[in-house]
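Next comes upload02.tsv, a file with TSV, C-alpha atoms.
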```tsv
chain	number	residue	atom	x	y	z
H	102	MET	CA	19.03	12.89	14.42
H	103	LYS	CA	18.52	13.73	10.75
H	104	PRO	CA	15.08	15.08	9.77
H	105	LEU	CA	12.34	12.47	9.62
H	106	LEU	CA	10.59	11.32	6.45
H	107	VAL	CA	7.51	9.21	7.25
H	108	VAL	CA	6.35	6.77	4.57
H	109	THR	CA	3.10	4.98	5.33
H	110	ASP	CA	0.80	2.25	4.12
H	111	LEU	CA	-2.91	3.12	4.18
H	112	ASP	CA	-5.26	0.13	4.54
H	113	GLY	CA	-4.91	-1.52	7.94
H	114	SER	CA	-2.30	1.03	9.02
H	115	LEU	CA	-3.29	4.69	8.82
H	116	LEU	CA	-6.80	3.63	7.76
H	117	ASN	CA	-9.15	1.30	9.62
H	118	GLU	CA	-11.05	-1.49	7.87
H	119	ASP	CA	-13.90	0.96	7.30
H	120	TYR	CA	-11.38	3.49	5.87
H	121	SER	CA	-11.78	5.91	8.79
H	122	PHE	CA	-8.76	7.56	10.41
H	123	ALA	CA	-10.17	9.89	13.10
H	124	GLU	CA	-8.01	8.30	15.81
H	125	ALA	CA	-4.89	9.21	13.86
H	126	ALA	CA	-5.85	12.89	13.55
H	127	PRO	CA	-3.77	14.14	16.53
H	128	ALA	CA	-0.67	12.32	15.24
H	129	LEU	CA	-1.22	13.68	11.73
H	130	ALA	CA	-1.54	17.18	13.16
H	131	GLU	CA	1.70	16.72	15.12
H	132	LEU	CA	3.55	15.68	11.97
H	133	ARG	CA	2.25	18.78	10.17
H	134	GLU	CA	3.17	21.00	13.12
H	135	ARG	CA	6.72	19.71	13.05
H	136	GLY	CA	6.99	19.97	9.27
H	137	ILE	CA	7.62	16.24	8.86
H	138	PRO	CA	6.70	15.02	5.35
H	139	LEU	CA	4.14	12.20	5.11
H	140	VAL	CA	4.40	10.02	2.00
H	141	ILE	CA	1.70	7.52	1.00
H	142	ASN	CA	3.03	4.12	-0.08
H	143	SER	CA	0.01	1.99	-0.89
H	144	SER	CA	-1.41	-0.75	-3.06
H	145	LYS	CA	-4.07	1.77	-4.07
H	146	SER	CA	-4.23	3.29	-7.54
H	147	ALA	CA	-2.68	6.67	-8.27
H	148	ARG	CA	-6.14	8.27	-8.40
H	149	GLU	CA	-6.95	6.84	-4.97
H	150	CYS	CA	-3.65	8.01	-3.50
H	151	ALA	CA	-4.27	11.51	-4.85
H	152	TRP	CA	-7.75	11.52	-3.28
H	153	TRP	CA	-6.36	10.35	0.06
H	154	GLN	CA	-3.71	13.06	0.02
H	155	GLN	CA	-6.55	15.58	0.02
H	156	GLN	CA	-8.29	13.86	2.94
H	157	LEU	CA	-5.05	13.68	4.94
H	158	ALA	CA	-4.02	17.26	4.12
H	159	THR	CA	-0.68	16.21	2.71
H	160	ASP	CA	0.99	16.68	-0.65
H	161	GLY	CA	4.19	15.89	-2.52
H	162	PRO	CA	5.07	12.62	-4.26
H	163	PHE	CA	3.38	9.32	-3.42
H	164	ILE	CA	3.92	5.65	-4.25
H	165	CYS	CA	1.04	3.67	-5.72
H	166	GLU	CA	0.13	0.07	-6.61
H	167	ASN	CA	2.61	-1.68	-4.31
H	168	GLY	CA	5.68	0.19	-5.47
H	169	ALA	CA	4.83	0.15	-9.18
H	170	ALA	CA	5.25	3.90	-9.60
H	171	ILE	CA	6.06	7.21	-7.95
H	172	ALA	CA	3.75	10.05	-8.95
H	173	ARG	CA	2.51	13.42	-7.79
H	174	CYS	CA	-0.47	15.70	-8.41
H	175	ASN	CA	-0.44	18.81	-10.55
H	176	GLY	CA	-3.94	20.10	-9.96
H	177	ALA	CA	-6.31	17.47	-11.34
H	178	GLU	CA	-3.52	15.87	-13.35
H	179	ILE	CA	-1.38	13.04	-12.02
H	180	LEU	CA	2.21	13.12	-13.19
H	181	PRO	CA	4.20	9.86	-13.18
H	182	LEU	CA	7.74	10.51	-11.90
H	183	GLN	CA	9.20	6.99	-11.97
H	184	GLN	CA	7.79	3.62	-13.04
H	185	PHE	CA	9.04	0.26	-11.84
H	186	ALA	CA	6.52	-2.20	-13.30
H	187	PRO	CA	5.07	-3.23	-16.67
H	188	PRO	CA	1.57	-2.06	-17.63
H	189	ARG	CA	-1.50	-3.75	-16.24
H	190	SER	CA	-2.32	-5.17	-19.68
H	191	GLU	CA	0.64	-7.55	-19.34
H	192	VAL	CA	-0.55	-8.63	-15.90
H	193	LEU	CA	-4.07	-9.32	-17.16
H	194	ALA	CA	-2.73	-11.28	-20.15
H	195	ALA	CA	-0.74	-13.57	-17.83
H	196	LEU	CA	-3.74	-14.01	-15.55
H	197	ARG	CA	-5.87	-15.14	-18.48
H	198	VAL	CA	-3.32	-17.86	-19.20
H	199	LEU	CA	-3.28	-19.00	-15.56
H	200	ARG	CA	-7.07	-19.04	-15.37
H	201	GLY	CA	-7.03	-21.27	-18.41
H	202	GLU	CA	-4.75	-23.63	-16.48
H	203	GLY	CA	-7.42	-24.03	-13.82
H	204	PHE	CA	-6.41	-21.53	-11.13
H	205	GLU	CA	-9.46	-20.00	-9.46
H	206	PHE	CA	-9.45	-16.30	-8.59
H	207	ALA	CA	-11.40	-13.10	-9.17
H	208	GLY	CA	-10.08	-9.57	-9.38
H	209	PHE	CA	-10.94	-5.97	-10.08
H	210	ASP	CA	-11.02	-6.54	-13.84
H	211	ASP	CA	-13.70	-9.22	-13.40
H	212	TRP	CA	-16.10	-7.15	-11.32
H	213	SER	CA	-18.75	-4.61	-12.07
H	214	LEU	CA	-18.74	-1.42	-9.99
H	215	ASP	CA	-21.36	-2.91	-7.65
H	216	GLU	CA	-19.28	-6.06	-7.19
H	217	LEU	CA	-16.16	-3.98	-6.54
H	218	VAL	CA	-18.02	-2.00	-3.89
H	219	ALA	CA	-19.13	-5.26	-2.26
H	220	ALA	CA	-15.63	-6.77	-2.33
H	221	THR	CA	-13.80	-3.72	-1.02
H	222	GLY	CA	-16.35	-1.97	1.18
H	223	LEU	CA	-15.52	1.27	-0.62
H	224	PRO	CA	-18.08	3.97	-1.39
H	225	ARG	CA	-18.93	4.04	-5.09
H	226	HIS	CA	-16.89	7.16	-5.88
H	227	GLN	CA	-13.79	5.61	-4.28
H	228	ALA	CA	-14.41	2.28	-5.98
H	229	ARG	CA	-14.33	4.07	-9.34
H	230	LEU	CA	-10.90	5.46	-8.44
H	231	ALA	CA	-9.75	2.03	-7.30
H	232	ALA	CA	-10.69	0.54	-10.66
H	233	GLN	CA	-8.39	2.98	-12.50
H	234	ARG	CA	-5.31	0.82	-12.12
H	235	GLN	CA	-2.30	1.06	-14.39
H	236	TYR	CA	0.14	-1.62	-13.23
H	237	SER	CA	-1.43	-4.25	-10.99
H	238	GLU	CA	-4.44	-6.46	-10.35
H	239	PRO	CA	-5.75	-7.18	-6.83
H	240	LEU	CA	-7.26	-10.66	-6.52
H	241	LEU	CA	-9.28	-12.79	-4.18
H	242	PHE	CA	-7.72	-16.23	-4.55
H	243	GLY	CA	-10.29	-19.00	-4.28
H	244	GLU	CA	-8.03	-21.92	-3.41
H	245	ASP	CA	-5.87	-23.25	-0.56
H	246	SER	CA	-2.37	-22.04	0.33
H	247	THR	CA	-0.68	-24.89	-1.56
H	248	ARG	CA	-2.38	-23.89	-4.80
H	249	GLN	CA	-1.62	-20.25	-4.09
H	250	ALA	CA	2.08	-21.09	-3.80
H	251	ALA	CA	1.90	-22.84	-7.18
H	252	PHE	CA	0.08	-19.82	-8.59
H	253	VAL	CA	2.81	-17.45	-7.38
H	254	GLN	CA	5.47	-19.75	-8.83
H	255	ARG	CA	3.77	-19.66	-12.24
H	256	LEU	CA	3.52	-15.87	-12.05
H	257	ALA	CA	7.29	-15.71	-11.63
H	258	GLU	CA	7.67	-17.44	-15.01
H	259	PHE	CA	5.92	-14.40	-16.52
H	260	GLY	CA	8.23	-12.02	-14.65
H	261	LEU	CA	5.44	-11.14	-12.23
H	262	GLY	CA	5.04	-11.37	-8.47
H	263	ALA	CA	2.26	-11.30	-5.91
H	264	SER	CA	2.12	-9.63	-2.52
H	265	GLN	CA	-0.43	-10.18	0.23
H	266	GLY	CA	-2.13	-7.11	1.61
H	267	GLY	CA	-4.80	-6.89	4.28
H	268	ARG	CA	-7.60	-7.77	1.82
H	269	PHE	CA	-6.18	-8.80	-1.53
H	270	LEU	CA	-3.36	-10.68	-3.19
H	271	THR	CA	-2.00	-8.10	-5.64
H	272	VAL	CA	-0.25	-9.23	-8.82
H	273	CYS	CA	2.30	-6.86	-10.32
H	274	GLY	CA	5.71	-6.76	-11.99
H	275	ASP	CA	9.09	-6.97	-10.28
H	276	SER	CA	8.52	-4.04	-7.95
H	277	ASP	CA	7.83	-3.58	-4.27
H	278	LYS	CA	7.18	-0.83	-1.78
H	279	GLY	CA	10.73	-0.91	-0.45
H	280	LYS	CA	12.47	-0.32	-3.77
H	281	ALA	CA	10.14	2.54	-4.63
H	282	MET	CA	10.54	4.08	-1.17
H	283	LEU	CA	14.34	4.12	-1.46
H	284	ALA	CA	14.10	5.68	-4.92
H	285	LEU	CA	11.80	8.38	-3.62
H	286	ALA	CA	13.91	9.01	-0.50
H	287	SER	CA	16.97	9.65	-2.66
H	288	SER	CA	15.29	12.84	-3.91
H	289	TYR	CA	15.29	14.28	-0.36
H	290	SER	CA	18.25	15.67	1.57
H	291	ALA	CA	19.67	13.34	4.24
H	292	VAL	CA	16.72	11.98	6.25
H	293	THR	CA	15.89	9.36	8.83
H	294	LEU	CA	13.58	7.09	6.88
H	295	VAL	CA	10.50	5.94	8.83
H	296	ALA	CA	8.11	3.33	7.37
H	297	ALA	CA	4.73	2.28	8.78
H	298	GLY	CA	2.84	-0.83	7.67
H	299	ASP	CA	0.91	-3.87	8.80
H	300	SER	CA	0.98	-6.59	6.11
H	301	PRO	CA	3.43	-8.80	4.18
H	302	ASN	CA	3.32	-6.43	1.20
H	303	ASP	CA	4.84	-3.80	3.51
H	304	LEU	CA	7.88	-5.91	4.43
H	305	GLY	CA	10.09	-4.41	1.72
H	306	MET	CA	9.65	-0.87	2.96
H	307	LEU	CA	9.70	-1.80	6.65
H	308	CYS	CA	12.99	-3.67	6.28
H	309	SER	CA	14.51	-0.87	4.16
H	310	ALA	CA	13.72	1.89	6.67
H	311	ASP	CA	15.87	3.27	9.46
H	312	ILE	CA	12.86	3.04	11.77
H	313	ALA	CA	10.02	0.57	11.19
H	314	LEU	CA	6.57	1.09	12.67
H	315	LEU	CA	4.70	-2.22	12.60
H	316	ILE	CA	0.96	-1.83	13.10
H	317	ARG	CA	-0.76	-4.73	14.80
H	318	SER	CA	-2.68	-7.01	12.40
H	319	LYS	CA	-3.38	-10.68	11.86
H	320	TYR	CA	-0.09	-10.82	9.95
H	321	SER	CA	2.16	-8.76	12.21
H	322	PRO	CA	3.05	-11.43	14.83
H	323	SER	CA	4.78	-13.54	12.17
H	324	MET	CA	6.49	-10.66	10.37
H	325	GLU	CA	10.25	-10.67	10.97
H	326	LEU	CA	11.90	-7.31	10.36
H	327	THR	CA	15.59	-7.31	9.54
H	328	GLY	CA	17.38	-4.08	8.68
H	329	PRO	CA	15.83	-1.24	10.69
H	330	ALA	CA	17.85	0.13	13.60
H	331	THR	CA	14.59	0.57	15.52
H	332	VAL	CA	11.30	-1.32	15.37
H	333	LEU	CA	8.22	0.00	17.16
H	334	ARG	CA	5.18	-2.26	17.36
H	335	SER	CA	1.72	-0.93	18.12
H	336	GLU	CA	-0.63	-2.52	20.63
H	337	ALA	CA	-3.76	-1.38	18.80
H	338	THR	CA	-4.76	-2.02	15.20
H	339	GLY	CA	-5.48	0.44	12.39
H	340	SER	CA	-5.41	4.20	12.86
H	341	ARG	CA	-5.27	3.95	16.64
H	342	GLY	CA	-2.21	1.74	16.44
H	343	TRP	CA	-0.67	4.03	13.81
H	344	ALA	CA	-1.14	7.01	16.11
H	345	GLN	CA	0.40	5.09	19.04
H	346	VAL	CA	3.68	4.39	17.26
H	347	ILE	CA	3.87	7.79	15.56
H	348	MET	CA	3.46	9.59	18.88
H	349	LYS	CA	5.96	7.28	20.57
H	350	LEU	CA	8.43	7.99	17.80
H	351	LEU	CA	7.97	11.76	18.11
H	352	GLN	CA	8.29	11.66	21.91
H	353	GLU	CA	11.54	9.70	21.66
H	354	GLU	CA	12.87	12.04	18.99
```

If you took the structure in this file and wrote it as structure tokens, what would it be?
Amino acid sequence: MKPLLVVTDLDGSLLNEDYSFAEAAPALAELRERGIPLVINSSKSARECAWWQQQLATDGPFICENGAAIARCNGAEILPLQQFAPPRSEVLAALRVLRGEGFEFAGFDDWSLDELVAATGLPRHQARLAAQRQYSEPLLFGEDSTRQAAFVQRLAEFGLGASQGGRFLTVCGDSDKGKAMLALASSYSAVTLVAAGDSPNDLGMLCSADIALLIRSKYSPSMELTGPATVLRSEATGSRGWAQVIMKLLQEE
């Protein structure tokens, strides 16, 4: 087998709802021991991804804001390597038009820091990092699924899309985690591409991987994965489930 490259979602996958990941620590240590790169591919902002790299003791490039960009850290500086989406200002301009048409939603740009903390459950210092978005806007949509479908259809007329994560509906340009993952993987020598995720916004990367690790969630039973040669599904949720499928993968390898 070619060397592994593990690309992972954070919220609901490697991280629990309370953002802890202690149960994944042995699997993370095993990846480090074997020299297997771990790449973050998240809806989080670049600043958040950089902070989480420190917590997870990993480095190298990462993918932020649902595939909007590939970046890496150079000390305290974040260097964009590739961008796949228009700036957030264009997203917010389109959302103002749609709000004027009567769609009901609230997002990061609407909230004070205290409100962002309440909506996300993040500590204040992490919420500040989450607010520093460059390409996308996470929303809580206040209407039924029929209206949400109409909302997404209108977004498409602006050249934008929306992807459902574990907590938020994130509006962004024509980018997704799968496209960004393949672009990043092309910079490595021949690898077996492993992707781990739990939500619909992870489908692009899961279906584009050689091996897909689907973490149990409220969405996972209905997620159909076409493309990977191997699909491993966890029994547990969050970091415990992530560790289950990572260790199973490494044992089989």

Between CA of Ala228 in chain H and CA of Trp152 in chain H, what is the distance, to one decimal in Å?
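The value is 11.7 Å.
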
Closest-contact table, range 155-224 of chain H side, partner range 119-122 of chain H, 12 Å, counting only C-alpha atoms, as a Markdown table:
```
| residue | atom | partner | partner_atom | distance |
| --- | --- | --- | --- | --- |
| H:Gln156 | CA | H:Phe122 | CA | 9.8 |
| H:Leu157 | CA | H:Phe122 | CA | 9.0 |
| H:Thr221 | CA | H:Asp119 | CA | 9.5 |
| H:Gly222 | CA | H:Asp119 | CA | 7.2 |
| H:Leu223 | CA | H:Tyr120 | CA | 8.0 |
| H:Pro224 | CA | H:Tyr120 | CA | 9.9 |
```

Output C-alpha atoms of each residue in that selection to a file, as a short mmCIF file (atom, residue, chain, number, x, y, z; two decimals), in the frame of the given file.
```cif
data_model
loop_
_atom_site.label_atom_id
_atom_site.label_comp_id
_atom_site.auth_asym_id
_atom_site.auth_seq_id
_atom_site.Cartn_x
_atom_site.Cartn_y
_atom_site.Cartn_z
CA GLN H 156 -8.29 13.86 2.94
CA LEU H 157 -5.05 13.68 4.94
CA THR H 221 -13.80 -3.72 -1.02
CA GLY H 222 -16.35 -1.97 1.18
CA LEU H 223 -15.52 1.27 -0.62
CA PRO H 224 -18.08 3.97 -1.39
#
```

Which distance in Å separates CA of Gln233 in chain H and CA of Arg148 in chain H, to one decimal?
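Taking CA of Gln233 in chain H as the start and CA of Arg148 in chain H as the end point, the length is 7.1 Å.
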
With only C-alpha atoms as the basis for distance, which of H:Val107, H:Ala177, H:Ala220, H:Ala310 is at the shortest distance from Gln155 in chain H?
H:Ala177

For a quick check of understanding, using all atoms listed in the file, which of H:Asn117, H:Ser190, H:Asn167, H:Ser321 has the smallest distance to Asp277 in chain H?
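That would be H:Asn167, the residue with the smallest distance to Asp277 in chain H.
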
Show me as a short mmCIF file (atom, residue, chain, number, x, y, z; two decimals) with C-alpha atoms, in the coordinates of the input the residues that reach within 12 Å of (5.3, 10.2, -14.2), counting only C-alpha atoms and using the file's own coordinates.
```
data_model
loop_
_atom_site.label_atom_id
_atom_site.label_comp_id
_atom_site.auth_asym_id
_atom_site.auth_seq_id
_atom_site.Cartn_x
_atom_site.Cartn_y
_atom_site.Cartn_z
CA ALA H 147 -2.68 6.67 -8.27
CA PRO H 162 5.07 12.62 -4.26
CA PHE H 163 3.38 9.32 -3.42
CA ILE H 164 3.92 5.65 -4.25
CA CYS H 165 1.04 3.67 -5.72
CA ALA H 169 4.83 0.15 -9.18
CA ALA H 170 5.25 3.90 -9.60
CA ILE H 171 6.06 7.21 -7.95
CA ALA H 172 3.75 10.05 -8.95
CA ARG H 173 2.51 13.42 -7.79
CA CYS H 174 -0.47 15.70 -8.41
CA ASN H 175 -0.44 18.81 -10.55
CA GLU H 178 -3.52 15.87 -13.35
CA ILE H 179 -1.38 13.04 -12.02
CA LEU H 180 2.21 13.12 -13.19
CA PRO H 181 4.20 9.86 -13.18
CA LEU H 182 7.74 10.51 -11.90
CA GLN H 183 9.20 6.99 -11.97
CA GLN H 184 7.79 3.62 -13.04
CA PHE H 185 9.04 0.26 -11.84
CA GLN H 235 -2.30 1.06 -14.39
#
```

Within 9 Å of (-6.3, 2.6, 13.7) in the file's own coordinates, which protein, DNA or RNA residues have an atom, counting all atoms listed in the file? List them as a PyMOL selection string.
chain H and resi 113-118+121-125+316+337-345

Prev. selection, C-alpha atoms, output as a short mmCIF file (atom, residue, chain, number, x, y, z; two decimals), in the coordinates of the input:
```cif
data_model
loop_
_atom_site.label_atom_id
_atom_site.label_comp_id
_atom_site.auth_asym_id
_atom_site.auth_seq_id
_atom_site.Cartn_x
_atom_site.Cartn_y
_atom_site.Cartn_z
CA GLY H 113 -4.91 -1.52 7.94
CA SER H 114 -2.30 1.03 9.02
CA LEU H 115 -3.29 4.69 8.82
CA LEU H 116 -6.80 3.63 7.76
CA ASN H 117 -9.15 1.30 9.62
CA GLU H 118 -11.05 -1.49 7.87
CA SER H 121 -11.78 5.91 8.79
CA PHE H 122 -8.76 7.56 10.41
CA ALA H 123 -10.17 9.89 13.10
CA GLU H 124 -8.01 8.30 15.81
CA ALA H 125 -4.89 9.21 13.86
CA ILE H 316 0.96 -1.83 13.10
CA ALA H 337 -3.76 -1.38 18.80
CA THR H 338 -4.76 -2.02 15.20
CA GLY H 339 -5.48 0.44 12.39
CA SER H 340 -5.41 4.20 12.86
CA ARG H 341 -5.27 3.95 16.64
CA GLY H 342 -2.21 1.74 16.44
CA TRP H 343 -0.67 4.03 13.81
CA ALA H 344 -1.14 7.01 16.11
CA GLN H 345 0.40 5.09 19.04
#
```

Point-to-point distance from CA of Lys103 in chain H to CA of Ala291 in chain H, Å rounded to tenths:
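About the pair CA of Lys103 in chain H and CA of Ala291 in chain H: they are 6.6 Å apart.
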
Pick from H:Gly298, H:Gly176, H:Leu285, H:Ser146: nearest to Glu238 in chain H, with all atoms listed in the file counted?
H:Ser146

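Using all atoms listed in the file for every distance, the candidate list H:Leu217, H:Leu256, H:Leu241, H:Leu139 yields H:Leu256 as the residue closest to Ala195 in chain H.
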
Do you know which residues are at most 10 Å from range 244-248 of chain H counting only C-alpha atoms, after dropping those on the same chain fewer than 6 positions away, and could you put them as a list in words?
Phe204, Glu205, Phe206 and Gln254 of chain H

My list of candidates is H:Arg317, H:Lys145, H:Arg334, H:Lys349. Which is closest to Phe269 in chain H when distances are computed with only C-alpha atoms?
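Among the listed residues, H:Lys145 lies closest to Phe269 in chain H.
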
Would you mind listing what lies within 9 Å of Ala313 in chain H as JSON, numbers by chain, with all atoms listed in the file counted and same-chain residues fewer than 2 positions away left out?
{"H": [294, 295, 296, 297, 298, 306, 307, 308, 309, 310, 311, 315, 326, 329, 330, 331, 332, 333, 334]}

Any chance you could export the current selection's C-alpha atoms as a compact mmCIF listing (two decimals), keeping the file's coordinate frame?
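Result file is out.txt:
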```txt
# COMPACT_ATOMS: atom_id res chain seq x y z
CA LEU H 294 13.58 7.09 6.88
CA VAL H 295 10.50 5.94 8.83
CA ALA H 296 8.11 3.33 7.37
CA ALA H 297 4.73 2.28 8.78
CA GLY H 298 2.84 -0.83 7.67
CA MET H 306 9.65 -0.87 2.96
CA LEU H 307 9.70 -1.80 6.65
CA CYS H 308 12.99 -3.67 6.28
CA SER H 309 14.51 -0.87 4.16
CA ALA H 310 13.72 1.89 6.67
CA ASP H 311 15.87 3.27 9.46
CA LEU H 315 4.70 -2.22 12.60
CA LEU H 326 11.90 -7.31 10.36
CA PRO H 329 15.83 -1.24 10.69
CA ALA H 330 17.85 0.13 13.60
CA THR H 331 14.59 0.57 15.52
CA VAL H 332 11.30 -1.32 15.37
CA LEU H 333 8.22 0.00 17.16
CA ARG H 334 5.18 -2.26 17.36
```

Padding 3 Å on every side, please: axis-aligned box over the listed atoms of range 280-290 of chain H, centre and edge lengths to one decimal in Å, as AutoDock Vina command-line options.
```
--center_x 14.2 --center_y 7.7 --center_z -1.7 --size_x 14.1 --size_y 22.0 --size_z 12.5
```
